[in-house]
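Heads up: the structure comes next, in structure tokens.
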There are 6 protein chains.
Amino acid sequence: MDDGDEDRIVDFYRRTNILGESYIPMQGLRHTEIPTFMRAPFVTDLEQVDIGIIGIPYDGGLTFRTGARHGPREVRNQSSVMRSINVATGARPYEQARIADVGDVQFRNLFALEEAILDIERFYDAIAEAGVIPLGIGGDHSVTWPILKALAKRQNEPLALIHIDAHTDTWSEFTGSKYHHGAPFRLATEAGVIDPKRTIQIGIRGGQNFTDGLDYSRDKGMRVITIEEFEDLGWQAVAREAQRLVADRLVYLTFDIDGLDPAYASGTGTPEPGGITMREAQRLLREFRGLNFIGGDLVEVSPPFDPSGTTALNGATIAFEILCLLAEKIAK
Amino acid sequence: MDDGDEDRIVDFYRRTNILGESYIPMQGLRHTEIPTFMRAPFVTDLEQVDIGIIGIPYDGGLTFRTGARHGPREVRNQSSVMRSINVATGARPYEQARIADVGDVQFRNLFALEEAILDIERFYDAIAEAGVIPLGIGGDHSVTWPILKALAKRQNEPLALIHIDAHTDTWSEFTGSKYHHGAPFRLATEAGVIDPKRTIQIGIRGGQNFTDGLDYSRDKGMRVITIEEFEDLGWQAVAREAQRLVADRLVYLTFDIDGLDPAYASGTGTPEPGGITMREAQRLLREFRGLNFIGGDLVEVSPPFDPSGTTALNGATIAFEILCLLAEKIAK
Amino acid sequence: MDDGDEDRIVDFYRRTNILGESYIPMQGLRHTEIPTFMRAPFVTDLEQVDIGIIGIPYDGGLTFRTGARHGPREVRNQSSVMRSINVATGARPYEQARIADVGDVQFRNLFALEEAILDIERFYDAIAEAGVIPLGIGGDHSVTWPILKALAKRQNEPLALIHIDAHTDTWSEFTGSKYHHGAPFRLATEAGVIDPKRTIQIGIRGGQNFTDGLDYSRDKGMRVITIEEFEDLGWQAVAREAQRLVADRLVYLTFDIDGLDPAYASGTGTPEPGGITMREAQRLLREFRGLNFIGGDLVEVSPPFDPSGTTALNGATIAFEILCLLAEKIAK
Amino acid sequence: MDDGDEDRIVDFYRRTNILGESYIPMQGLRHTEIPTFMRAPFVTDLEQVDIGIIGIPYDGGLTFRTGARHGPREVRNQSSVMRSINVATGARPYEQARIADVGDVQFRNLFALEEAILDIERFYDAIAEAGVIPLGIGGDHSVTWPILKALAKRQNEPLALIHIDAHTDTWSEFTGSKYHHGAPFRLATEAGVIDPKRTIQIGIRGGQNFTDGLDYSRDKGMRVITIEEFEDLGWQAVAREAQRLVADRLVYLTFDIDGLDPAYASGTGTPEPGGITMREAQRLLREFRGLNFIGGDLVEVSPPFDPSGTTALNGATIAFEILCLLAEKIAK
Amino acid sequence: MDDGDEDRIVDFYRRTNILGESYIPMQGLRHTEIPTFMRAPFVTDLEQVDIGIIGIPYDGGLTFRTGARHGPREVRNQSSVMRSINVATGARPYEQARIADVGDVQFRNLFALEEAILDIERFYDAIAEAGVIPLGIGGDHSVTWPILKALAKRQNEPLALIHIDAHTDTWSEFTGSKYHHGAPFRLATEAGVIDPKRTIQIGIRGGQNFTDGLDYSRDKGMRVITIEEFEDLGWQAVAREAQRLVADRLVYLTFDIDGLDPAYASGTGTPEPGGITMREAQRLLREFRGLNFIGGDLVEVSPPFDPSGTTALNGATIAFEILCLLAEKIAK
Amino acid sequence: MDDGDEDRIVDFYRRTNILGESYIPMQGLRHTEIPTFMRAPFVTDLEQVDIGIIGIPYDGGLTFRTGARHGPREVRNQSSVMRSINVATGARPYEQARIADVGDVQFRNLFALEEAILDIERFYDAIAEAGVIPLGIGGDHSVTWPILKALAKRQNEPLALIHIDAHTDTWSEFTGSKYHHGAPFRLATEAGVIDPKRTIQIGIRGGQNFTDGLDYSRDKGMRVITIEEFEDLGWQAVAREAQRLVADRLVYLTFDIDGLDPAYASGTGTPEPGGITMREAQRLLREFRGLNFIGGDLVEVSPPFDPSGTTALNGATIAFEILCLLAEKIAK
């Protein structure tokens with residue numbers, strides 16, 4: 001990155017208020033102004049953008065508690081607390097890339113899951129075509145299937161996947177539909193979109209009525225790390241395992257907020273007690289620096305189930321850690 | 001009703017605990033035992049039942065805030081506060097009818113609104129076939145369309161309708177679907193299931209982007225009483241207007257909790273400030289005694305948006321008032 | 001307004017998403033996209049704007065419970081529920097005026113009340129210079145003093161004032177400062193910015209340690225309508241009284257959310273039980289159609305004290321009613 | 001009251017801080033210092049006190065939702081908002097009487113309802129002996145029975161009673177105990193402590209499993225004003241009815257917060273939708289000026305069921321209105 | 001267990017809805033139907049039952065914050081999230097035993113702690129007589145004393161006890177009563193119902209005014225593991241210690257939710273910061289597989305103090321882990 | 001300490017109620033009476049006091065979420081749960097020192113940060129002059145600067161500092177003011193009030209827009225222990241590091257509640273995910289026994305952002321641990 005780049009990037013963040021004064025919204029008072037993701041500029045001309053943060057306010061794929069459609073709004077709101085330097089790692093994403101809130105996926109039929117999936121795919125097609133790296137904010141986990149589909153179809157091999165979650169989300173049909181928030185990675189495996197042998201699922205736990213999903217993950221060769229194994233190994237060893245599996249392949253990172261313990265994320269659709277702590281989550285994610293990321297997402301924040309806002313705050317914090325990983329890719 | 005009936009009814013409510021002691025759950029401590037609707041017995045053999053209270057935990061027809069799928073559970077919980085005598089009117093529904101919680105509509109495909117509608121219709125077909133009077137607890141307002149369809153197809157003329165709500169719910173397509181929680185009464189009118197000239201809509205208010213729904217109601221001859229007219233006339237005059245329109249026709253009563261002001265019902269999908277108070281609602285409903293009811297429902301309680309539980313408490317109270325109206329029909 | 005105007009206005013609201021599709025944000029799904037006020041476009045070039053909605057996230061003038069600095073954010077969030085037609089009055093503000101969210105007043109020193117007052121005045125100077133009609137969203141009530149000052153200095157006579165509130169806000173010093181949220185209308189009177197004889201204060205109530213403020217209002221000739229008088233007269237008569245006082249003078253409307261009863265607005269700094277209902281507030285405001293408005297504001301929404309969001313929802317609803325009054329002025 | 005009295009009263013309220021500065025806590029910042037009732041001084045030497053505000057943190061008499069034991073603490077907290085002048089009536093209680101927080105009734109056996117009743121009686125014996133007028137803050141309504149007993153035994157005729165509540169609280173045994181929160185006024189009638197013919201019960205409503213309590217009230221000659229009759233008559237006429245019944249007899253005023261609608265008081269043990277509004281409550285109470293009060297109480301605030309604090313705020317406001325009535329008695 | 005057993009067990013869980021369709025409630029949608037514990041069938045004929053889950057909605061033994069009487073209801077509600085396979089251990093309790101919700105203990109006198117204790121004992125007598133293994137859901141911890149009494153009197157030696165809690169609950173009298181939620185294990189030791197030398201208390205912490213309880217536990221030979229020792233040893237070593245103490249004796253497991261840190265269980269009567277995490281609790285409990293359990297309980301969930309529901313969710317999760325331990329006993 | 005001291009101390013805590021009975025408030029029922037800090041006596045004559053707990057209800061130094069002014073009230077409320085013996089360490093502070101709630105700092109100008117700073121300094125001057133050891137309860141962290149100033153000016157060398165926090169609070173100007181809650185330790189260093197080389201900052205984390213504060217801390221020689229280093233070293237090693245740095249110097253301990261993870265302290269102004277747990281915090285603090293403390297504080301509890309009260313409960317618990325450290329100093 002040369003000096004011209006730096007200037008170009010600084011200019012990208014600068015705005016002018018009604019008084020004609022120039023300012024950088026991300027450095028304003030945190031409780032003020034319109035809450036875009038991370039207070040990044042709202043830009044819909046993708047040519048100006050390196051990393052696009054995308055709201056995906058859809059929760060039609062949920063099987064239990066609803067509300068994830070309200071996730072992008074509240075993550076936007078809480079993300080005003082994020083700042084520009086990741087002190088723990090030294091990363092300065094806003095100096096490495098032009099990062100924008102590029103708005104929400106629009107849904108042409110709110111009531112038809114399969115059409116919603118197409119709408120998401122279509123939106124991500126445009127993102128991918130423009131060479132923008134996406135950071136999606138859900139919405140329920142069903143949104144990740146069309147994301148992966150859109151991103152992978154422009155590559156000549158399946159994607160590697162780092163997946164942090166309480167559930168493997170490799171289940172088959174639920175009440176007659178193969179599309180739902182417990183199925184994206186089965187759909188992606190079946191379609192050759194992800195490589196199960198380069199897929200790691202971290203934090204898996206909770207009871208089940210059928211072992212179908214877990215069996216599928218293991219049968220296909222995914223590396224399933226239960227919360228018990230996670231605790232026994234420690235985050236460092238788990239990170240190394242992920243690095244080994246992913247190696248230099250293009251990799252997508254998907255973080256379901258229910259991977260965290262409900263003490264950190266009560267506001268989610270299917271909370272599972274006994275999960276990852278925020279300290280573990282942050283340190284785990286930081287170990288993924290240097291991997292070859294194609295995009296990432298943070299899903300399943302359901303604000304109505306957490307009036308304290310802590311779930312969305314933690315979601316925004318996770319999203320910022322992912323953003324730092326993606327920005328590094330741009331900077332290379 | 002002769003003495004044999006009375007005994008039969010008392011027996012219906014009696015249960016035996018593990019100690020072999022006989023008791024009537026509705027008279028136990030209100031914070032104890034399993035929360036059925038009104039603490040009525042849970043019975044699925046319809047032959048034993050006069051009035052069936054039905055949970056309809058579906059919210060796939062919502063256009064904005066989700067959560068009404070959790071309504072039946074919380075209304076069941078709060079309804080334990082209800083008692084057996086309506087002191088204001090003297091009604092004693094549990095002496096007039098065998099009232100049961102008959103369980104929830106089961107959904108075979110959680111993700112397909114049109115199939116959900118068929119599931120509801122099928123459930124109500126069974127209710128209607130058995131001669132049971134239904135009191136439905138939603139769920140979003142899209143559930144009322146299949147209810148009306150099932151009930152009306154066994155009658156030889158369209159039903160009259162008393163509809164209390166902030167919205168006319170006679171809208172046309174929303175994001176490409178004609179089925180949604182803003183459309184049930186347009187669908188019912190189009191299908192000849194309700195008689196718009198014997199339909200009264202009470203409490204209508206709130207802004208609109210299009211006047212489509214309101215225009216439809218008025219064009220078809222429904223009597224639309226806005227909240228302003230409601231206030232100017234008073235609940236007594238509004239009740240008389242409803243009685244006049246309905247006369248001796250079979251009539252269905254549908255109460256959308258958002259007809260109440262958000263001070264009484266913050267926990268709903270599309271709150272509209274400036275609504276009906278609980279005192280008005282209760283007195284209005286009591287004026288409908290003696291009408292020829294075929295069933296009723298209470299919809300759109302969305303518990304995640306009201307942690308205080310007051311919305312569901314008010315919903316349970318409304319449901320009890322409706323129950324009194326329905327029981328009187330049985331007693332006749 | 002001719003056809004050219006209409007086209008110009010429609011164009012103003014149209015946006016293009018990343019797919020190159022044109023859309024009107026105010027007509028999108030209400031839980032989606034970035035929450036500007038009323039989902040109006042965010043515009044900082046005042047030449048394009050007729051009515052500017054302004055966030056004033058300042059609460060340094062509060063004397064008791066803090067949090068009003070978070071008001072603009074949450075009113076923005078809840079205002080997505082607002083729509084474009086006021087069904088009760090038929091008003092269609094977005095067809096009458098180019099309405100924009102023009103952002104927040106920026107504060108150069110967060111810790112100095114007197115400097116904050118200057119920042120607000122400076123912002124409103126620019127608004128007034130541009131001929132834009134302002135609708136301010138507070139913030140505590142101390143923000144109204146610099147607003148009035150900026151607006152009045154361009155007029156050749158003091159402004160009339162319609163003031164809805166639990167308190168007269170004509171107090172003198174509080175802990176040594178004459179600037180605070182209980183003093184704006186004393187400051188404005190002293191400075192000749194408002195005409196006390198054309199000032200009406202509606203909804204006044206609550207205990208006091210000193211009668212200083214009430215005495216001042218009455219001594220200066222303001223028409224103080226306590227909540228008791230409001231109830232006895234009814235909203236129609238109160239509205240007529242306001243119209244009579246204001247007549248054809250330029251008038252500013254300021255609505256402190258604590259004018260409402262805490263059942264409607266628990267989320268405020270100094271709640272006073274026994275207040276105005278939303279039905280009364282809406283009908284009262286609608287009576288002010290046709291007055292010669294120079295601007296208005298809605299203040300004292302303090303979201304941390306109302307996790308249900310109802311206070312901000314009611315605040316957004318009040319703001320929409322005021323917006324309709326202001327747009328009519330543009331249309332004339 | 002002569003000048004000496006005035007000085008004596010002012011001195012009573014004055015305190016000295018660690019800096020040796022004199023101040024009046026009731027005039028300090030409302031969010032500061034230790035929350036006594038109304039910020040009145042905490043005094044346990046009854047010789048200095050005219051009116052004693054008493055916490056009665058007992059809820060062992062509840063039949064459903066618990067938590068009223070936490071009422072006095074939260075009413076103390078919210079009562080800091082109260083001020084010294086009742087603007088609506090002009091009453092200035094702190095200039096008329098030495099008002100103190102005299103602490104809480106101590107319970108020697110937390111688990112034995114009958115002993116708790118004795119503890120309350122013993123505490124009120126001391127109050128009565130000292131000639132102090134009591135304002136009790138509950139606790140559940142079972143506390144009023146020993147209060148009445150202690151106060152009446154020093155009089156030579158039964159007390160008149162003004163009772164605002166959703167329930168008549170004249171029930172007989174509940175699960176084998178004649179002492180509980182639904183029975184105080186039956187106990188008091190049976191014991192000749194109150195005169196049922198000079199008892200008025202206002203706001204009565206809600207379903208019942210048995211009509212026992214209502215029948216008792218009516219059979220004994222109490223004037224039962226249901227919420228429907230209250231609404232039809234209006235608060236003025238109800239107040240006149242109370243004045244007529246009470247005439248010049250010594251009268252006790254007991255206000256159960258569940259007399260209010262749950263929109264105003266969700267935080268209570270047995271909420272009953274369709275109740276009194278705060279505006280009605282305040283105006284009703286003010287009409288009782290001039291009656292010959294012997295004491296009063298505010299009961300059944302249950303803070304855990306209202307995290308917004310509004311119930312306790314309304315409770316504190318009701319308590320302040322009662323305080324004004326009691327202070328007037330001292331001043332006479 | 002042979003095939004006949006398996007069929008018998010499957011039949012036990014099958015139900016028929018009003019449409020005549022057979023279904024297994026535990027496999028239905030989790031937000032639907034009537035919330036029994038774990039969605040197990042509600043059965044009161046003990047002959048059909050192997051493990052009975054019992055609600056004990058009593059909180060008259062509390063010394064501070066009330067509300068545990070509402071515990072069983074909310075644990076029932078949240079327990080719908082539980083499923084049939086414990087993935088971490090492979091346990092499938094519903095294939096090993098006929099598990100039912102057998103209803104709540106009924107209280108004949110709500111106001112008399114000693115009678116409540118008798119009611120619980122009487123209920124558990126019936127359970128024990130029928131050879132049903134009980135899993136109790138409280139209610140405050142005072143309920144465990146009569147449980148232990150009823151279970152032990154049919155054995156010829158005192159029971160071993162695994163007790164997870166912040167407090168030893170071996171205190172003597174509190175305000176004059178030896179029965180209260182801080183005393184069950186002193187009462188049980190005194191009565192020879194538990195063997196203190198085979199009793200382990202895990203997670204003990206918090207300040208004290210008197211060391212009476214701690215001293216008693218230690219003097220009698222109980223193994224008291226403070227939270228500090230728990231942390232230093234780790235859950236594995238603590239589990240081994242418990243196994244060693246208990247050996248092959250009949251053992252009862254009692255889990256007070258306040259053993260968890262308030263981050264996991266704010267909704268409890270006497271929260272003590274610095275407690276056990278859910279991950280530790282789950283792993284600790286799983287180590288107890290193979291012990292000779294006679295029953296267990298989960299107590300002190302107080303829903304009013306946790307509107308997020310997380311405490312009850314964690315309580316349901318703990319209860320499911322205990323259920324797995326109990327079912328294994330049946331299967332042997 | 002001889003026997004006379006012990007008697008003197010016991011007498012200090014004894015009070016007499018209106019019945020003339022002697023009692024010790026700290027041993028009463030925890031939900032009763034007026035909530036002073038720890039239920040210690042409220043005393044303003046400093047001659048009687050060894051340790052004074054001081055409320056500092058000021059939050060004018062906040063840069064983001066307000067509400068810390070309500071901290072002292074809610075910490076007082078929750079601190080009733082504290083007891084007199086620290087079971088983990090055996091400390092019995094109330095037998096070692098006369099501990100009192102000495103009231104709140106009064107603010108002469110609520111709106112002027114610099115004057116508030118003077119008010120705090122003046123209050124602490126009196127404390128220091130009287131030889132009372134202060135335990136301050138904030139309020140935002142800006143209050144610690146005048147505290148340190150008042151304490152240090154009576155010493156002949158700068159103070160050592162143990163500082164637990166998410167932030168270093170050594171920032172320079174914010175919006176033009178050098179006084180704010182992110183600056184106290186820079187101000188104190190600049191003024192020679194603390195010795196940066198004997199200052200340790202523990203738990204530091206969170207993003208930054210500028211590294212100014214962190215750079216300052218490190219440049220001046222403070223020992224900055226980030227949360228990552230804290231986790232890697234463990235609390236024991238961190239404690240040893242603090243002991244080594246502080247040695248026998250007079251040391252002040254300041255605990256910002258945001259040092260805890262938001263799972264333990266959502267109710268604070270600038271929450272930073274990934275923080276210290278309560279178990280770590282308690283054990284860390286206990287290691288500081290024997291250091292030469294001059295005072296301490298607990299700041300930044302913001303109750304409106306945590307309706308569960310857990311943040312204030314944890315704050316009270318931290319404050320009790322600090323109190324034990326301070327009392328030991330007196331006892332020496």
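In the structure tokens, chains take letters A, B, ... by order of appearance, with residues numbered from 1 within each chain and ligands from 1 in the order shown.
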Within 8 Å of chain B: residues of chain A, using only C-alpha atoms, as a PDB file with C-alpha atoms, in the first residue's frame:
ATOM      1  CA  GLY A  60     -37.683 -17.158   8.087  1.00  0.00           C
ATOM      2  CA  GLY A  61     -35.365 -20.135   8.520  1.00  0.00           C
ATOM      3  CA  THR A  63     -37.150 -23.366  13.968  1.00  0.00           C
ATOM      4  CA  ARG A  65     -37.499 -18.461  18.837  1.00  0.00           C
ATOM      5  CA  THR A  66     -37.850 -15.693  16.260  1.00  0.00           C
ATOM      6  CA  GLY A  67     -36.333 -12.221  16.156  1.00  0.00           C
ATOM      7  CA  HIS A  70     -33.992  -7.485  14.039  1.00  0.00           C
ATOM      8  CA  PHE A 107     -36.539  -9.397   0.113  1.00  0.00           C
ATOM      9  CA  ARG A 108     -39.029  -9.564  -2.710  1.00  0.00           C
ATOM     10  CA  ASN A 109     -41.208 -12.072  -0.905  1.00  0.00           C
ATOM     11  CA  LEU A 110     -40.971 -11.985   2.844  1.00  0.00           C
ATOM     12  CA  PHE A 111     -42.961 -15.190   3.219  1.00  0.00           C
ATOM     13  CA  ALA A 112     -41.123 -17.611   0.955  1.00  0.00           C
ATOM     14  CA  LEU A 113     -37.876 -19.039   2.272  1.00  0.00           C
ATOM     15  CA  PHE A 174     -37.074 -29.927   9.198  1.00  0.00           C
ATOM     16  CA  THR A 175     -40.862 -30.075   8.922  1.00  0.00           C
ATOM     17  CA  GLY A 176     -40.517 -30.964   5.275  1.00  0.00           C
ATOM     18  CA  SER A 177     -38.077 -28.278   4.196  1.00  0.00           C
ATOM     19  CA  PRO A 304     -35.921  -9.094  21.533  1.00  0.00           C
ATOM     20  CA  PHE A 305     -34.511 -11.806  23.801  1.00  0.00           C
TER      21      PHE A 305
END
Residues of range 178-250 of chain E classed as alpha helix (DSSP H) by DSSP on the backbone are to be reported as a PyMOL selection string.
chain E and resi 184-190+212-219+227-233+235-246
Convert the current residue selection to file output with N, CA and C atoms, as an mmCIF file, in the first residue's frame.
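Printed below is result_29.cif as written:
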data_model
loop_
_atom_site.group_PDB
_atom_site.id
_atom_site.type_symbol
_atom_site.label_atom_id
_atom_site.label_comp_id
_atom_site.auth_asym_id
_atom_site.auth_seq_id
_atom_site.Cartn_x
_atom_site.Cartn_y
_atom_site.Cartn_z
ATOM 1 N N PRO E 184 -31.964 -27.093 55.515
ATOM 2 C CA PRO E 184 -32.429 -28.465 55.263
ATOM 3 C C PRO E 184 -31.417 -29.543 55.638
ATOM 4 N N PHE E 185 -30.154 -29.243 55.469
ATOM 5 C CA PHE E 185 -29.180 -30.327 55.641
ATOM 6 C C PHE E 185 -28.748 -30.472 57.102
ATOM 7 N N ARG E 186 -29.006 -29.449 57.881
ATOM 8 C CA ARG E 186 -28.832 -29.597 59.326
ATOM 9 C C ARG E 186 -29.979 -30.456 59.880
ATOM 10 N N LEU E 187 -31.191 -30.124 59.425
ATOM 11 C CA LEU E 187 -32.347 -30.917 59.854
ATOM 12 C C LEU E 187 -32.161 -32.380 59.458
ATOM 13 N N ALA E 188 -31.683 -32.587 58.245
ATOM 14 C CA ALA E 188 -31.528 -33.963 57.753
ATOM 15 C C ALA E 188 -30.424 -34.698 58.505
ATOM 16 N N THR E 189 -29.380 -33.964 58.873
ATOM 17 C CA THR E 189 -28.310 -34.600 59.646
ATOM 18 C C THR E 189 -28.804 -34.948 61.047
ATOM 19 N N GLU E 190 -29.468 -34.001 61.664
ATOM 20 C CA GLU E 190 -29.978 -34.217 63.024
ATOM 21 C C GLU E 190 -30.905 -35.429 63.073
ATOM 22 N N ASP E 212 -21.882 -20.237 61.938
ATOM 23 C CA ASP E 212 -22.659 -21.356 62.443
ATOM 24 C C ASP E 212 -22.845 -22.506 61.438
ATOM 25 N N GLY E 213 -23.314 -22.187 60.263
ATOM 26 C CA GLY E 213 -23.598 -23.230 59.274
ATOM 27 C C GLY E 213 -22.335 -23.920 58.813
ATOM 28 N N LEU E 214 -21.354 -23.123 58.440
ATOM 29 C CA LEU E 214 -20.085 -23.695 57.997
ATOM 30 C C LEU E 214 -19.462 -24.571 59.081
ATOM 31 N N ASP E 215 -19.491 -24.066 60.296
ATOM 32 C CA ASP E 215 -18.922 -24.827 61.408
ATOM 33 C C ASP E 215 -19.657 -26.157 61.564
ATOM 34 N N TYR E 216 -20.974 -26.102 61.484
ATOM 35 C CA TYR E 216 -21.762 -27.326 61.641
ATOM 36 C C TYR E 216 -21.371 -28.355 60.587
ATOM 37 N N SER E 217 -21.334 -27.925 59.336
ATOM 38 C CA SER E 217 -20.970 -28.843 58.252
ATOM 39 C C SER E 217 -19.626 -29.510 58.538
ATOM 40 N N ARG E 218 -18.677 -28.689 58.889
ATOM 41 C CA ARG E 218 -17.320 -29.227 59.097
ATOM 42 C C ARG E 218 -17.253 -30.099 60.353
ATOM 43 N N ASP E 219 -17.917 -29.653 61.388
ATOM 44 C CA ASP E 219 -17.886 -30.424 62.631
ATOM 45 C C ASP E 219 -18.503 -31.807 62.438
ATOM 46 N N ILE E 227 -15.701 -22.431 46.707
ATOM 47 C CA ILE E 227 -15.483 -22.128 45.296
ATOM 48 C C ILE E 227 -13.983 -21.980 45.014
ATOM 49 N N GLU E 228 -13.253 -21.497 45.994
ATOM 50 C CA GLU E 228 -11.812 -21.347 45.773
ATOM 51 C C GLU E 228 -11.168 -22.726 45.635
ATOM 52 N N GLU E 229 -11.560 -23.636 46.503
ATOM 53 C CA GLU E 229 -10.991 -24.980 46.414
ATOM 54 C C GLU E 229 -11.457 -25.659 45.123
ATOM 55 N N PHE E 230 -12.712 -25.413 44.774
ATOM 56 C CA PHE E 230 -13.255 -25.979 43.538
ATOM 57 C C PHE E 230 -12.413 -25.541 42.338
ATOM 58 N N GLU E 231 -12.102 -24.267 42.310
ATOM 59 C CA GLU E 231 -11.323 -23.739 41.198
ATOM 60 C C GLU E 231 -9.903 -24.307 41.215
ATOM 61 N N ASP E 232 -9.341 -24.420 42.396
ATOM 62 C CA ASP E 232 -7.957 -24.877 42.484
ATOM 63 C C ASP E 232 -7.845 -26.360 42.114
ATOM 64 N N LEU E 233 -8.837 -27.144 42.557
ATOM 65 C CA LEU E 233 -8.799 -28.578 42.259
ATOM 66 C C LEU E 233 -9.233 -28.889 40.827
ATOM 67 N N TRP E 235 -12.913 -29.424 38.262
ATOM 68 C CA TRP E 235 -14.137 -30.226 38.419
ATOM 69 C C TRP E 235 -13.852 -31.728 38.417
ATOM 70 N N GLN E 236 -12.812 -32.147 37.722
ATOM 71 C CA GLN E 236 -12.539 -33.592 37.690
ATOM 72 C C GLN E 236 -12.176 -34.101 39.081
ATOM 73 N N ALA E 237 -11.267 -33.398 39.744
ATOM 74 C CA ALA E 237 -10.829 -33.850 41.063
ATOM 75 C C ALA E 237 -11.970 -33.770 42.070
ATOM 76 N N VAL E 238 -12.786 -32.736 41.948
ATOM 77 C CA VAL E 238 -13.933 -32.612 42.849
ATOM 78 C C VAL E 238 -14.889 -33.782 42.634
ATOM 79 N N ALA E 239 -15.092 -34.126 41.377
ATOM 80 C CA ALA E 239 -15.982 -35.253 41.083
ATOM 81 C C ALA E 239 -15.428 -36.545 41.678
ATOM 82 N N ARG E 240 -14.144 -36.726 41.554
ATOM 83 C CA ARG E 240 -13.553 -37.946 42.120
ATOM 84 C C ARG E 240 -13.727 -37.999 43.636
ATOM 85 N N GLU E 241 -13.576 -36.841 44.242
ATOM 86 C CA GLU E 241 -13.772 -36.750 45.688
ATOM 87 C C GLU E 241 -15.200 -37.148 46.066
ATOM 88 N N ALA E 242 -16.140 -36.654 45.299
ATOM 89 C CA ALA E 242 -17.544 -37.007 45.564
ATOM 90 C C ALA E 242 -17.767 -38.501 45.374
ATOM 91 N N GLN E 243 -17.221 -39.050 44.310
ATOM 92 C CA GLN E 243 -17.383 -40.493 44.055
ATOM 93 C C GLN E 243 -16.809 -41.320 45.197
ATOM 94 N N ARG E 244 -15.658 -40.905 45.669
ATOM 95 C CA ARG E 244 -15.002 -41.621 46.744
ATOM 96 C C ARG E 244 -15.867 -41.609 48.007
ATOM 97 N N LEU E 245 -16.406 -40.425 48.320
ATOM 98 C CA LEU E 245 -17.226 -40.297 49.527
ATOM 99 C C LEU E 245 -18.512 -41.108 49.433
ATOM 100 N N VAL E 246 -19.131 -41.025 48.284
ATOM 101 C CA VAL E 246 -20.456 -41.629 48.095
ATOM 102 C C VAL E 246 -20.321 -43.135 47.933
#
Find the residues near range 117-125 of chain A: any atom within 10 Å, counting only C-alpha atoms, skip ones fewer than 4 places away on the same chain, and give them as a ChimeraX atom specification.
/A:54,56,58,61,104-109,112-113,129-134,136,142-151,153-154,179 /C:17-19
List as a PyMOL selection string the protein and nucleic acid residues near Ile294 in chain B, meaning an atom at most 9 Å away when only C-alpha atoms are counted, but skip any in the same chain fewer than 6 places from it.
chain B and resi 133-134+151+159+250-253+326+329
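In this structure, CA of Thr168 in chain C sits 26.6 Å away from CA of Pro57 in chain F.
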Would you mind listing what lies within 7 Å of range 258-269 of chain C as JSON, numbers by chain, with only C-alpha atoms counted and same-chain residues fewer than 5 positions away left out?
{"B": [263], "C": [64, 65, 66, 164, 165, 166, 203, 274, 275, 276, 277, 300, 301, 302, 303, 304, 305, 306, 310, 311], "D": [263, 264, 310]}
